[in-house]
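**Student:** So that you have it, the file is entry.cif, and it contains mmCIF, C-alpha atoms:
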data_model
#
loop_
_atom_site.label_atom_id
_atom_site.label_comp_id
_atom_site.auth_asym_id
_atom_site.auth_seq_id
_atom_site.Cartn_x
_atom_site.Cartn_y
_atom_site.Cartn_z
CA MET A 1 -58.37 -50.40 184.82
CA GLU A 2 -59.21 -53.32 187.06
CA SER A 3 -59.57 -52.49 190.74
CA ILE A 4 -57.24 -54.08 193.27
CA THR A 5 -59.11 -56.63 195.34
CA THR A 6 -59.05 -56.81 199.12
CA THR A 7 -57.20 -60.11 198.87
CA GLU A 8 -54.49 -58.59 196.66
CA LYS A 9 -54.05 -55.69 199.10
CA SER A 10 -53.80 -58.15 201.98
CA ASN A 11 -51.20 -60.23 200.14
CA ALA A 12 -49.17 -57.10 199.34
CA ASN A 13 -49.20 -56.07 202.98
CA ILE A 14 -48.13 -59.53 204.09
CA GLU A 15 -45.25 -59.45 201.59
CA THR A 16 -44.16 -56.03 202.87
CA PHE A 17 -44.02 -57.08 206.48
CA THR A 18 -42.53 -60.53 205.88
CA SER A 19 -39.89 -59.58 203.31
CA HIS A 20 -36.41 -61.11 203.50
CA ILE A 21 -34.26 -59.36 206.14
CA GLY A 22 -30.86 -60.61 205.07
CA ILE A 23 -28.42 -63.28 206.13
CA ALA A 24 -27.44 -63.37 209.81
CA VAL A 25 -23.84 -62.40 210.54
CA ASP A 26 -22.93 -65.76 212.11
CA ARG A 27 -23.98 -67.63 208.99
CA PHE A 28 -22.26 -65.05 206.77
CA ILE A 29 -18.97 -65.45 208.69
CA ALA A 30 -19.20 -69.24 208.47
CA GLN A 31 -19.87 -69.12 204.72
CA ARG A 32 -16.90 -66.82 204.12
CA GLN A 33 -14.49 -69.02 206.08
CA SER A 34 -13.48 -70.68 202.79
CA GLU A 35 -11.66 -67.44 201.88
CA PHE A 36 -8.97 -68.59 204.33
CA PRO A 37 -7.92 -72.07 203.13
CA HIS A 38 -5.40 -72.50 205.95
CA ALA A 39 -7.76 -71.37 208.72
CA THR A 40 -9.54 -73.86 210.96
CA GLY A 41 -12.28 -71.65 212.36
CA GLU A 42 -10.35 -69.48 214.82
CA LEU A 43 -10.82 -66.23 212.91
CA SER A 44 -14.53 -66.90 212.48
CA GLN A 45 -14.86 -67.47 216.21
CA LEU A 46 -12.85 -64.32 216.95
CA LEU A 47 -15.20 -62.23 214.81
CA ARG A 48 -18.16 -63.78 216.64
CA ASP A 49 -16.58 -62.83 219.98
CA ILE A 50 -16.39 -59.19 218.82
CA VAL A 51 -20.01 -59.39 217.70
CA ILE A 52 -21.14 -60.65 221.11
CA ALA A 53 -19.33 -57.85 222.96
CA SER A 54 -20.77 -55.22 220.61
CA LYS A 55 -24.32 -56.35 221.39
CA ILE A 56 -23.72 -55.85 225.11
CA ILE A 57 -22.15 -52.42 224.56
CA SER A 58 -25.03 -51.39 222.29
CA ARG A 59 -27.38 -52.18 225.17
CA GLU A 60 -25.25 -50.23 227.66
CA ILE A 61 -25.14 -47.16 225.40
CA ASN A 62 -28.89 -47.23 224.79
CA ARG A 63 -29.59 -47.11 228.51
CA ALA A 64 -26.65 -44.90 229.52
CA GLY A 65 -28.77 -41.88 230.38
CA LEU A 66 -31.04 -43.94 232.62
CA SER A 67 -28.32 -45.93 234.37
CA GLY A 68 -26.04 -42.95 235.07
CA ILE A 69 -22.94 -44.36 233.33
CA GLU A 70 -22.42 -41.57 230.80
CA GLY A 71 -20.30 -39.39 233.09
CA MET A 72 -16.58 -38.90 233.70
CA THR A 73 -14.14 -40.77 235.92
CA GLU A 74 -11.13 -39.21 237.63
CA GLU A 75 -8.71 -41.20 235.46
CA GLU A 76 -6.87 -40.48 232.19
CA ASN A 77 -5.82 -42.99 229.54
CA ILE A 78 -2.33 -43.33 228.04
CA GLN A 79 -3.21 -40.56 225.56
CA GLY A 80 -3.71 -38.07 228.41
CA GLU A 81 -7.43 -37.99 227.65
CA PRO A 82 -10.05 -38.13 230.43
CA GLN A 83 -11.78 -41.48 230.68
CA ARG A 84 -15.52 -41.83 230.82
CA MET A 85 -17.40 -44.62 232.51
CA LEU A 86 -18.46 -45.98 229.12
CA ASP A 87 -14.83 -46.09 227.92
CA ILE A 88 -13.95 -48.38 230.80
CA ILE A 89 -17.11 -50.47 230.49
CA ALA A 90 -16.53 -50.97 226.74
CA GLU A 91 -12.93 -52.07 227.29
CA VAL A 92 -13.98 -54.52 230.00
CA ARG A 93 -16.67 -56.02 227.77
CA PHE A 94 -14.35 -56.53 224.80
CA LYS A 95 -11.52 -57.77 227.00
CA ARG A 96 -13.74 -60.39 228.62
CA ALA A 97 -15.18 -61.53 225.29
CA LEU A 98 -11.75 -61.88 223.68
CA ILE A 99 -10.14 -63.59 226.68
CA ASN A 100 -13.03 -66.03 227.14
CA GLY A 101 -13.21 -66.69 223.39
CA GLY A 102 -9.67 -68.05 223.49
CA GLN A 103 -8.60 -66.97 219.98
CA VAL A 104 -6.48 -63.94 220.99
CA CYS A 105 -3.12 -64.08 222.75
CA ALA A 106 -2.91 -60.32 223.41
CA ILE A 107 -4.96 -57.12 223.14
CA LEU A 108 -3.83 -53.57 222.47
CA SER A 109 -6.42 -51.05 223.66
CA GLU A 110 -6.56 -47.27 223.53
CA GLU A 111 -7.61 -47.31 227.17
CA SER A 112 -4.64 -49.33 228.50
CA ASP A 113 -1.04 -48.19 228.85
CA GLU A 114 0.38 -51.65 228.16
CA ILE A 115 -0.54 -54.60 225.98
CA ILE A 116 -2.98 -56.96 227.70
CA ASP A 117 -1.81 -60.59 227.94
CA THR A 118 -4.91 -62.80 227.68
CA GLY A 119 -3.11 -65.93 228.85
CA ASN A 120 -4.23 -67.72 225.66
CA HIS A 121 -0.67 -68.35 224.45
CA ASN A 122 -1.73 -70.98 221.91
CA ALA A 123 -3.92 -68.46 220.08
CA LYS A 124 -3.00 -67.32 216.56
CA TYR A 125 -4.20 -63.72 216.69
CA VAL A 126 -3.76 -60.34 218.35
CA VAL A 127 -6.34 -57.54 218.37
CA ALA A 128 -5.82 -53.77 218.43
CA ILE A 129 -8.98 -51.95 219.48
CA ASP A 130 -10.46 -48.57 220.32
CA PRO A 131 -13.31 -49.85 222.51
CA LEU A 132 -15.44 -46.70 222.33
CA ASP A 133 -14.36 -43.89 220.03
CA GLY A 134 -16.12 -40.54 220.54
CA SER A 135 -17.52 -41.52 223.94
CA SER A 136 -18.05 -37.85 224.94
CA ASN A 137 -20.83 -37.72 222.34
CA VAL A 138 -22.96 -40.16 224.32
CA ASP A 139 -23.83 -37.31 226.71
CA VAL A 140 -25.56 -35.47 223.85
CA ASN A 141 -27.00 -38.57 222.13
CA VAL A 142 -24.64 -38.53 219.12
CA SER A 143 -23.39 -41.72 217.46
CA VAL A 144 -20.19 -43.35 218.74
CA GLY A 145 -18.26 -46.42 217.68
CA THR A 146 -15.77 -49.24 218.18
CA ILE A 147 -12.80 -49.76 215.84
CA PHE A 148 -10.79 -53.00 215.65
CA SER A 149 -7.87 -54.56 213.78
CA ILE A 150 -6.92 -58.24 213.77
CA TYR A 151 -3.39 -59.46 213.03
CA LYS A 152 -1.89 -62.93 212.90
CA ARG A 153 0.87 -63.04 215.50
CA VAL A 154 4.49 -63.29 214.31
CA SER A 155 5.79 -64.81 217.55
CA PRO A 156 5.62 -68.60 218.07
CA GLN A 157 2.32 -70.07 219.21
CA GLY A 158 2.47 -71.57 222.67
CA LYS A 159 4.61 -68.76 224.03
CA PRO A 160 3.73 -65.29 225.40
CA TYR A 161 3.13 -62.52 222.89
CA LYS A 162 5.85 -60.14 221.76
CA LYS A 163 5.48 -56.44 221.03
CA GLU A 164 6.38 -57.22 217.40
CA ASP A 165 3.04 -59.03 217.06
CA PHE A 166 1.42 -55.58 217.00
CA LEU A 167 4.10 -53.56 215.21
CA GLN A 168 3.02 -54.74 211.77
CA LYS A 169 2.06 -52.80 208.65
CA GLY A 170 -1.59 -52.29 207.89
CA ASP A 171 -1.19 -54.58 204.87
CA GLN A 172 -0.70 -57.47 207.30
CA GLN A 173 -4.16 -57.17 208.87
CA VAL A 174 -6.29 -60.26 208.40
CA ALA A 175 -9.50 -58.42 209.31
CA ALA A 176 -10.67 -55.01 210.47
CA GLY A 177 -13.92 -53.24 211.11
CA TYR A 178 -16.03 -50.97 213.24
CA ILE A 179 -19.32 -50.96 215.08
CA LEU A 180 -21.43 -47.81 214.84
CA TYR A 181 -23.81 -47.24 217.74
CA GLY A 182 -26.35 -44.80 216.35
CA PRO A 183 -30.06 -44.72 215.45
CA SER A 184 -29.37 -48.34 214.62
CA THR A 185 -26.27 -50.33 215.53
CA MET A 186 -24.17 -51.43 212.56
CA LEU A 187 -21.19 -53.74 212.15
CA VAL A 188 -18.99 -53.09 209.11
CA TYR A 189 -15.98 -55.30 208.49
CA THR A 190 -13.57 -56.73 205.94
CA THR A 191 -11.32 -59.76 205.75
CA GLY A 192 -9.68 -58.52 202.56
CA TYR A 193 -12.48 -59.67 200.26
CA GLY A 194 -14.66 -56.58 200.11
CA VAL A 195 -16.60 -54.70 202.79
CA ASN A 196 -19.96 -55.76 204.18
CA GLY A 197 -22.29 -54.02 206.61
CA PHE A 198 -24.74 -55.60 209.06
CA THR A 199 -27.57 -53.92 210.97
CA TYR A 200 -28.51 -55.06 214.45
CA GLU A 201 -32.10 -56.15 214.97
CA SER A 202 -32.41 -55.77 218.74
CA SER A 203 -35.72 -57.60 219.06
CA LEU A 204 -34.09 -60.70 217.55
CA GLY A 205 -30.67 -60.09 219.09
CA GLU A 206 -28.94 -60.55 215.75
CA TYR A 207 -27.04 -58.66 213.05
CA PHE A 208 -28.34 -59.08 209.51
CA LEU A 209 -26.59 -58.27 206.24
CA SER A 210 -27.97 -54.90 205.13
CA HIS A 211 -25.13 -53.38 203.09
CA PRO A 212 -23.45 -56.07 200.95
CA ASN A 213 -20.26 -55.31 199.03
CA ILE A 214 -19.93 -51.64 199.99
CA ILE A 215 -18.18 -49.52 197.36
CA GLN A 216 -17.18 -45.99 198.32
CA PRO A 217 -18.18 -43.40 195.69
CA GLU A 218 -15.14 -42.27 193.71
CA ASN A 219 -15.95 -38.65 194.46
CA GLY A 220 -18.06 -36.80 197.02
CA GLU A 221 -19.66 -33.49 197.97
CA TYR A 222 -18.63 -33.32 201.64
CA TYR A 223 -15.49 -33.07 203.71
CA SER A 224 -15.06 -33.83 207.41
CA ILE A 225 -12.53 -31.90 209.49
CA ASN A 226 -12.16 -30.04 212.76
CA GLU A 227 -11.37 -26.55 211.44
CA ARG A 228 -10.60 -25.08 214.86
CA ASP A 229 -6.83 -25.32 214.27
CA GLN A 230 -6.76 -24.48 210.56
CA GLY A 231 -4.30 -21.65 211.22
CA GLU A 232 -1.77 -24.34 212.22
CA PHE A 233 -2.23 -26.50 209.13
CA SER A 234 0.66 -26.90 206.67
CA ARG A 235 0.66 -24.88 203.46
CA ASP A 236 -0.32 -27.83 201.27
CA PHE A 237 -3.23 -28.64 203.53
CA LYS A 238 -4.44 -25.05 203.69
CA THR A 239 -4.36 -24.95 199.88
CA TYR A 240 -6.35 -28.18 199.65
CA LEU A 241 -8.94 -26.95 202.13
CA TYR A 242 -9.25 -23.69 200.17
CA GLU A 243 -9.89 -25.68 196.97
CA LEU A 244 -12.66 -27.70 198.63
CA LYS A 245 -14.30 -24.55 200.00
CA SER A 246 -14.04 -22.76 196.64
CA ARG A 247 -16.16 -25.56 195.12
CA LYS A 248 -18.72 -24.95 197.87
CA MET A 249 -18.36 -28.46 199.21
CA GLY A 250 -20.34 -29.04 202.38
CA THR A 251 -18.82 -29.71 205.80
CA ARG A 252 -20.01 -32.71 207.80
CA TYR A 253 -18.17 -33.21 211.11
CA VAL A 254 -19.55 -34.35 214.46
CA GLY A 255 -16.30 -35.28 216.20
CA SER A 256 -17.04 -39.01 216.26
CA LEU A 257 -14.55 -40.71 213.94
CA VAL A 258 -16.64 -43.79 213.19
CA CYS A 259 -19.72 -41.68 212.48
CA ASP A 260 -17.89 -39.28 210.14
CA PHE A 261 -16.04 -42.11 208.39
CA HIS A 262 -19.21 -44.18 207.95
CA ARG A 263 -21.04 -41.32 206.23
CA ASN A 264 -18.20 -40.76 203.80
CA LEU A 265 -17.86 -44.48 203.13
CA LEU A 266 -21.49 -44.75 202.05
CA LYS A 267 -22.09 -41.30 200.53
CA GLY A 268 -18.64 -40.26 199.30
CA GLY A 269 -16.39 -37.65 200.85
CA VAL A 270 -13.07 -37.17 202.61
CA TYR A 271 -12.12 -37.20 206.30
CA MET A 272 -9.03 -35.29 207.39
CA TYR A 273 -7.04 -34.92 210.58
CA PRO A 274 -3.70 -33.26 209.75
CA SER A 275 -0.85 -32.44 212.09
CA THR A 276 -1.12 -29.29 214.23
CA ASP A 277 1.10 -27.44 216.70
CA LYS A 278 -0.35 -29.54 219.52
CA TYR A 279 -0.33 -32.82 217.58
CA LYS A 280 2.75 -32.60 215.41
CA GLU A 281 2.56 -36.31 214.56
CA GLY A 282 -1.20 -36.17 214.05
CA LYS A 283 -3.91 -36.93 216.60
CA LEU A 284 -5.36 -40.26 215.49
CA ARG A 285 -3.71 -43.53 216.49
CA LEU A 286 -2.19 -45.66 213.77
CA MET A 287 -2.64 -49.10 215.29
CA TYR A 288 -6.27 -49.10 216.41
CA GLU A 289 -7.84 -46.35 214.33
CA CYS A 290 -6.06 -45.53 211.07
CA HIS A 291 -4.88 -48.99 210.00
CA ALA A 292 -8.37 -50.44 210.40
CA LEU A 293 -10.15 -47.63 208.56
CA ALA A 294 -7.53 -47.58 205.79
CA PHE A 295 -8.04 -51.31 205.24
CA LEU A 296 -11.79 -50.79 205.01
CA THR A 297 -11.63 -47.80 202.67
CA GLU A 298 -9.19 -49.50 200.29
CA GLN A 299 -11.35 -52.62 200.18
CA ALA A 300 -14.25 -50.30 199.28
CA LYS A 301 -12.18 -48.68 196.46
CA GLY A 302 -11.27 -45.59 198.48
CA LYS A 303 -7.84 -44.32 199.55
CA ALA A 304 -5.92 -43.34 202.70
CA THR A 305 -2.66 -41.43 203.14
CA ASN A 306 -0.77 -39.52 205.83
CA GLY A 307 0.40 -37.05 203.18
CA SER A 308 3.71 -38.69 202.39
CA ALA A 309 2.85 -42.39 202.58
CA ARG A 310 0.00 -44.81 202.12
CA ILE A 311 -1.42 -45.53 205.60
CA MET A 312 -1.35 -49.29 204.99
CA ASP A 313 2.42 -49.13 204.27
CA ILE A 314 3.34 -47.54 207.60
CA LYS A 315 5.13 -49.89 210.00
CA PRO A 316 4.53 -48.70 213.57
CA LYS A 317 7.49 -47.96 215.84
CA ASP A 318 5.35 -47.63 218.94
CA ILE A 319 2.06 -49.25 219.95
CA HIS A 320 0.37 -45.89 220.63
CA GLN A 321 1.86 -44.12 217.59
CA ARG A 322 -0.14 -41.28 216.03
CA THR A 323 -0.38 -40.20 212.40
CA PRO A 324 -2.00 -37.51 210.24
CA ILE A 325 -4.64 -38.96 207.92
CA ILE A 326 -6.57 -38.04 204.79
CA ILE A 327 -9.04 -40.83 203.98
CA GLY A 328 -12.03 -41.26 201.74
CA SER A 329 -13.13 -41.12 198.12
CA LYS A 330 -10.24 -41.82 195.77
CA LYS A 331 -10.52 -38.69 193.61
CA LEU A 332 -10.60 -36.40 196.64
CA VAL A 333 -7.52 -38.01 198.20
CA ASP A 334 -5.74 -37.98 194.82
CA GLU A 335 -6.43 -34.25 194.61
CA TYR A 336 -4.75 -33.62 197.95
CA GLU A 337 -1.71 -35.69 196.95
CA GLU A 338 -1.34 -33.70 193.72
CA ILE A 339 -1.48 -30.38 195.61
CA ARG A 340 1.11 -31.64 198.09
CA ARG A 341 3.37 -32.81 195.27
CA LEU A 342 3.29 -29.39 193.61
CA ILE A 343 3.86 -27.48 196.84
CA CYS A 344 6.29 -29.67 198.74
CA PHE A 345 8.52 -31.07 195.99
#
What would you get if you wrote out this structure as structure tokens?
**Tutor:**
Amino acid sequence: MESITTTEKSNANIETFTSHIGIAVDRFIAQRQSEFPHATGELSQLLRDIVIASKIISREINRAGLSGIEGMTEEENIQGEPQRMLDIIAEVRFKRALINGGQVCAILSEESDEIIDTGNHNAKYVVAIDPLDGSSNVDVNVSVGTIFSIYKRVSPQGKPYKKEDFLQKGDQQVAAGYILYGPSTMLVYTTGYGVNGFTYESSLGEYFLSHPNIIQPENGEYYSINERDQGEFSRDFKTYLYELKSRKMGTRYVGSLVCDFHRNLLKGGVYMYPSTDKYKEGKLRLMYECHALAFLTEQAKGKATNGSARIMDIKPKDIHQRTPIIIGSKKLVDEYEEIRRLICF
């Protein structure tokens, strides 16, 4: 066997450290603009505005422990949940980016009681957003995330928004995604033509395509659920949970929705948050959590239901409406639906 020369080793090392790192997100968005023949660049710019805000928030989270912004405020949001400094900072960052970008006429945020009028009445789009989901986990250095949905407004351009601009079915989303702030920051989004993931390279200040055309495994070995209230679960759900446990499926749950969903999207699995005595309508919000994640999972060949209806078919009656959700690998969600059919009908 011929020995490897010093030159060959040097060339191999150079190739390793100069390998292709993927297409930058700005270029990717521009290239995919042709998927919207009637668009004139507004949606592409809107996605870029979200990208810019996420970079700033990623920086804030990474230095939260040093800057003293990881603590609580004395305020509560519309959900009755205590607000943290990072919740407010994240909302301000996204709000500024979307208002200054000019492509959004109104914003619905988990952290605000009312819809935010941006003053951009000529804009085509509205955005529903959870600026920082799982913010309590920052204190213990666990991943958190942002979730967003983009809709084309139904009210006339040039006039103020109407509530109906937000009260649309999930099927009417034009784009949705999330940003995961973890060991690395990732942007995952869809415009209805598959799901793509981008990893943030902080030294270059840019997201690069790292997970093209994500397909969720049809089955999985893990389930994600807060089992604290399992005594309050409905009979069909208790039966389903028993079946998963009987197969010795593993539990993976950290209490950060984006983190738990992301794992199941890539590795296969099911995330569940059913109704309980405290949350009879479910805990998660339809408009800025469940619609977005349902859009993503369906585009990745997964499935999402509230037990009786496909999440994407639900038309909201209220901007802060909640819903139960079972979302993830198709076979696992199908299994729950079959158990519910046998028990409840």
**Student:** Hey, which of A:Pro212, A:Gly170, A:Pro183, A:Gly328 ends up closest to Asp313 in chain A? Count all atoms listed in the file.
**Tutor:**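 The shortest atom-to-atom distance to Asp313 in chain A comes from A:Gly170.
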**Student:** Would you kindly return, as an mmCIF file with C-alpha atoms, keeping the file's coordinate frame, each protein, DNA or RNA residue with an atom no farther than 10 Å from any atom of Lys267 in chain A, considering only C-alpha atoms and excluding same-chain residues fewer than 3 positions away?
**Tutor:**
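Contents of the output file part-v3.cif:
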data_model
loop_
_atom_site.group_PDB
_atom_site.id
_atom_site.type_symbol
_atom_site.label_atom_id
_atom_site.label_comp_id
_atom_site.auth_asym_id
_atom_site.auth_seq_id
_atom_site.Cartn_x
_atom_site.Cartn_y
_atom_site.Cartn_z
ATOM 1 C CA ILE A 215 -18.180 -49.520 197.360
ATOM 2 C CA GLN A 216 -17.180 -45.990 198.320
ATOM 3 C CA PRO A 217 -18.180 -43.400 195.690
ATOM 4 C CA GLU A 218 -15.140 -42.270 193.710
ATOM 5 C CA ASN A 219 -15.950 -38.650 194.460
ATOM 6 C CA GLY A 220 -18.060 -36.800 197.020
ATOM 7 C CA GLU A 221 -19.660 -33.490 197.970
ATOM 8 C CA TYR A 222 -18.630 -33.320 201.640
ATOM 9 C CA PHE A 261 -16.040 -42.110 208.390
ATOM 10 C CA HIS A 262 -19.210 -44.180 207.950
ATOM 11 C CA ARG A 263 -21.040 -41.320 206.230
ATOM 12 C CA ASN A 264 -18.200 -40.760 203.800
ATOM 13 C CA SER A 329 -13.130 -41.120 198.120
#
**Student:** Could you pull the residues within 12 Å of Asp277 in chain A, counting all atoms listed in the file, minus those fewer than 2 positions along the same chain, as a list in words?
**Tutor:** Asp229, Gln230, Gly231, Glu232, Phe233, Ser234, Pro274, Ser275, Tyr279, Lys280, Glu281, Gly282 and Lys283 of chain A
**Student:** I'd like the contact shell of Val258 in chain A - 12 Å cut-off, all atoms listed in the file, skipping same-chain residues fewer than 4 positions apart - returned as a ChimeraX atom specification.
**Tutor:** /A:130-135,137,142-148,177-182,185-188,224,253-254,262-265,271,289-290,292-293,296
**Student:** Provide the CA of Pro316 in chain A to CA of Arg285 in chain A distance in Å, to one decimal place.
**Tutor:**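 According to the coordinates, CA of Pro316 in chain A and CA of Arg285 in chain A are separated by 10.2 Å.
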**Student:** CA of His320 in chain A and CA of Ile89 in chain A, how far apart in Å?
**Tutor:**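 According to the coordinates, CA of Ile89 in chain A and CA of His320 in chain A are separated by 20.6 Å.
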**Student:** Could you give me, as number ranges by chain, the residues that have an atom at most 12 Å away from the point (-25.5, -50.6, 225.5) in the coordinates of the file, using only C-alpha atoms?
**Tutor:** A: 52-67, 69-70, 86-87, 89-90, 93, 132, 138, 144-145, 180-182, 184-185, 202
**Student:** Restrict the selected residues to C-alpha atoms and save them as a PDB file, in the coordinates of the input.
**Tutor:**
ATOM      1  CA  ILE A  52     -21.140 -60.650 221.110  1.00  0.00           C
ATOM      2  CA  ALA A  53     -19.330 -57.850 222.960  1.00  0.00           C
ATOM      3  CA  SER A  54     -20.770 -55.220 220.610  1.00  0.00           C
ATOM      4  CA  LYS A  55     -24.320 -56.350 221.390  1.00  0.00           C
ATOM      5  CA  ILE A  56     -23.720 -55.850 225.110  1.00  0.00           C
ATOM      6  CA  ILE A  57     -22.150 -52.420 224.560  1.00  0.00           C
ATOM      7  CA  SER A  58     -25.030 -51.390 222.290  1.00  0.00           C
ATOM      8  CA  ARG A  59     -27.380 -52.180 225.170  1.00  0.00           C
ATOM      9  CA  GLU A  60     -25.250 -50.230 227.660  1.00  0.00           C
ATOM     10  CA  ILE A  61     -25.140 -47.160 225.400  1.00  0.00           C
ATOM     11  CA  ASN A  62     -28.890 -47.230 224.790  1.00  0.00           C
ATOM     12  CA  ARG A  63     -29.590 -47.110 228.510  1.00  0.00           C
ATOM     13  CA  ALA A  64     -26.650 -44.900 229.520  1.00  0.00           C
ATOM     14  CA  GLY A  65     -28.770 -41.880 230.380  1.00  0.00           C
ATOM     15  CA  LEU A  66     -31.040 -43.940 232.620  1.00  0.00           C
ATOM     16  CA  SER A  67     -28.320 -45.930 234.370  1.00  0.00           C
ATOM     17  CA  ILE A  69     -22.940 -44.360 233.330  1.00  0.00           C
ATOM     18  CA  GLU A  70     -22.420 -41.570 230.800  1.00  0.00           C
ATOM     19  CA  LEU A  86     -18.460 -45.980 229.120  1.00  0.00           C
ATOM     20  CA  ASP A  87     -14.830 -46.090 227.920  1.00  0.00           C
ATOM     21  CA  ILE A  89     -17.110 -50.470 230.490  1.00  0.00           C
ATOM     22  CA  ALA A  90     -16.530 -50.970 226.740  1.00  0.00           C
ATOM     23  CA  ARG A  93     -16.670 -56.020 227.770  1.00  0.00           C
ATOM     24  CA  LEU A 132     -15.440 -46.700 222.330  1.00  0.00           C
ATOM     25  CA  VAL A 138     -22.960 -40.160 224.320  1.00  0.00           C
ATOM     26  CA  VAL A 144     -20.190 -43.350 218.740  1.00  0.00           C
ATOM     27  CA  GLY A 145     -18.260 -46.420 217.680  1.00  0.00           C
ATOM     28  CA  LEU A 180     -21.430 -47.810 214.840  1.00  0.00           C
ATOM     29  CA  TYR A 181     -23.810 -47.240 217.740  1.00  0.00           C
ATOM     30  CA  GLY A 182     -26.350 -44.800 216.350  1.00  0.00           C
ATOM     31  CA  SER A 184     -29.370 -48.340 214.620  1.00  0.00           C
ATOM     32  CA  THR A 185     -26.270 -50.330 215.530  1.00  0.00           C
ATOM     33  CA  SER A 202     -32.410 -55.770 218.740  1.00  0.00           C
TER      34      SER A 202
END
**Student:** Would you please work out which residue, of A:Ile50, A:Val126, A:Ile343, A:Ala24, is nearest to Tyr189 in chain A when using all atoms listed in the file?
**Tutor:** A:Ile50
**Student:** Which residue is closest to Arg340 in chain A? Choose from A:Phe295, A:Arg252, A:Leu266, A:Phe237 and count only C-alpha atoms.
**Tutor:**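 Among the listed residues, A:Phe237 lies closest to Arg340 in chain A.
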**Student:** Considering only C-alpha atoms, return as a PyMOL selection string whatever protein or nucleic-acid residues lie within 10 Å of Lys315 in chain A, sequence-local ones (same chain, fewer than 2 positions apart) excluded.
**Tutor:** chain A and resi 166-172+286-287+311-313+317-318
**Student:** Take the residues that were just selected and, keeping C-alpha atoms, output them as a short mmCIF file (atom, residue, chain, number, x, y, z; two decimals), in the coordinates of the input.
**Tutor:**
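Output file result.cif follows:
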data_model
loop_
_atom_site.label_atom_id
_atom_site.label_comp_id
_atom_site.auth_asym_id
_atom_site.auth_seq_id
_atom_site.Cartn_x
_atom_site.Cartn_y
_atom_site.Cartn_z
CA PHE A 166 1.42 -55.58 217.00
CA LEU A 167 4.10 -53.56 215.21
CA GLN A 168 3.02 -54.74 211.77
CA LYS A 169 2.06 -52.80 208.65
CA GLY A 170 -1.59 -52.29 207.89
CA ASP A 171 -1.19 -54.58 204.87
CA GLN A 172 -0.70 -57.47 207.30
CA LEU A 286 -2.19 -45.66 213.77
CA MET A 287 -2.64 -49.10 215.29
CA ILE A 311 -1.42 -45.53 205.60
CA MET A 312 -1.35 -49.29 204.99
CA ASP A 313 2.42 -49.13 204.27
CA LYS A 317 7.49 -47.96 215.84
CA ASP A 318 5.35 -47.63 218.94
#
**Student:** Nearest residue to Arg247 in chain A out of A:Leu342, A:Tyr223, A:Gly101, A:Gly268, using all atoms listed in the file?
**Tutor:**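 Ranking A:Leu342, A:Tyr223, A:Gly101, A:Gly268 by distance to Arg247 in chain A, first place goes to A:Tyr223.
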**Student:** Expand the PyMOL selection byres ((chain A and resi 151) around 12) into the individual residues it matches in the shown file, reporting them as a VMD selection string.
**Tutor:** chain A and resid 43 46 103 to 108 123 to 129 148 to 150 152 to 155 164 to 176 191 287 to 288 291 to 292
**Student:** If we count all atoms listed in the file, what is near range 244-246 of chain A at a cut-off of 12 Å, once residues fewer than 4 positions away on the same chain are taken out, given as number ranges by chain?
**Tutor:** A: 220-225, 227, 237-240, 250-251, 269-270, 332-333, 335-336, 339
**Student:** Give as a compact mmCIF listing (two decimals) with C-alpha atoms, in the coordinates of the input each residue that has an atom at most 12 Å from (-22.3, -68.9, 212.6) in the file, counting all atoms listed in the file.
**Tutor:**
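Written file, point22.txt:
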# COMPACT_ATOMS: atom_id res chain seq x y z
CA ILE A 23 -28.42 -63.28 206.13
CA ALA A 24 -27.44 -63.37 209.81
CA VAL A 25 -23.84 -62.40 210.54
CA ASP A 26 -22.93 -65.76 212.11
CA ARG A 27 -23.98 -67.63 208.99
CA PHE A 28 -22.26 -65.05 206.77
CA ILE A 29 -18.97 -65.45 208.69
CA ALA A 30 -19.20 -69.24 208.47
CA GLN A 31 -19.87 -69.12 204.72
CA ARG A 32 -16.90 -66.82 204.12
CA GLN A 33 -14.49 -69.02 206.08
CA GLY A 41 -12.28 -71.65 212.36
CA LEU A 43 -10.82 -66.23 212.91
CA SER A 44 -14.53 -66.90 212.48
CA GLN A 45 -14.86 -67.47 216.21
CA LEU A 46 -12.85 -64.32 216.95
CA LEU A 47 -15.20 -62.23 214.81
CA ARG A 48 -18.16 -63.78 216.64
CA ASP A 49 -16.58 -62.83 219.98
CA VAL A 51 -20.01 -59.39 217.70
CA ILE A 52 -21.14 -60.65 221.11
CA GLU A 206 -28.94 -60.55 215.75
CA TYR A 207 -27.04 -58.66 213.05
CA PHE A 208 -28.34 -59.08 209.51
**Student:** When you draw a straight line from CA of Tyr242 in chain A to CA of Ile327 in chain A, how long is it in Å?
**Tutor:**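 Computed distance, CA of Tyr242 in chain A to CA of Ile327 in chain A, equals 17.6 Å.
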**Student:** Restricting the calculation to all atoms listed in the file: of A:Thr118, A:Asn100, A:Thr276, A:Thr190, which residue gets closest to Ala294 in chain A?
**Tutor:** A:Thr190
**Student:** Smallest atom-to-atom distance to Ala304 in chain A: which of A:Ile319, A:Ile325, A:Ala97, A:Val92, using only C-alpha atoms?
**Tutor:**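 The closest residue to Ala304 in chain A is A:Ile325.
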**Student:** Using 5 Å of padding on each side, determine the axis-aligned box around all atoms of range 263-271 of chain A present in the file and give its centre and edge lengths in Å to one decimal, as JSON.
**Tutor:**
{"center_x": -17.1, "center_y": -41.0, "center_z": 202.8, "size_x": 20.0, "size_y": 17.6, "size_z": 17.0}
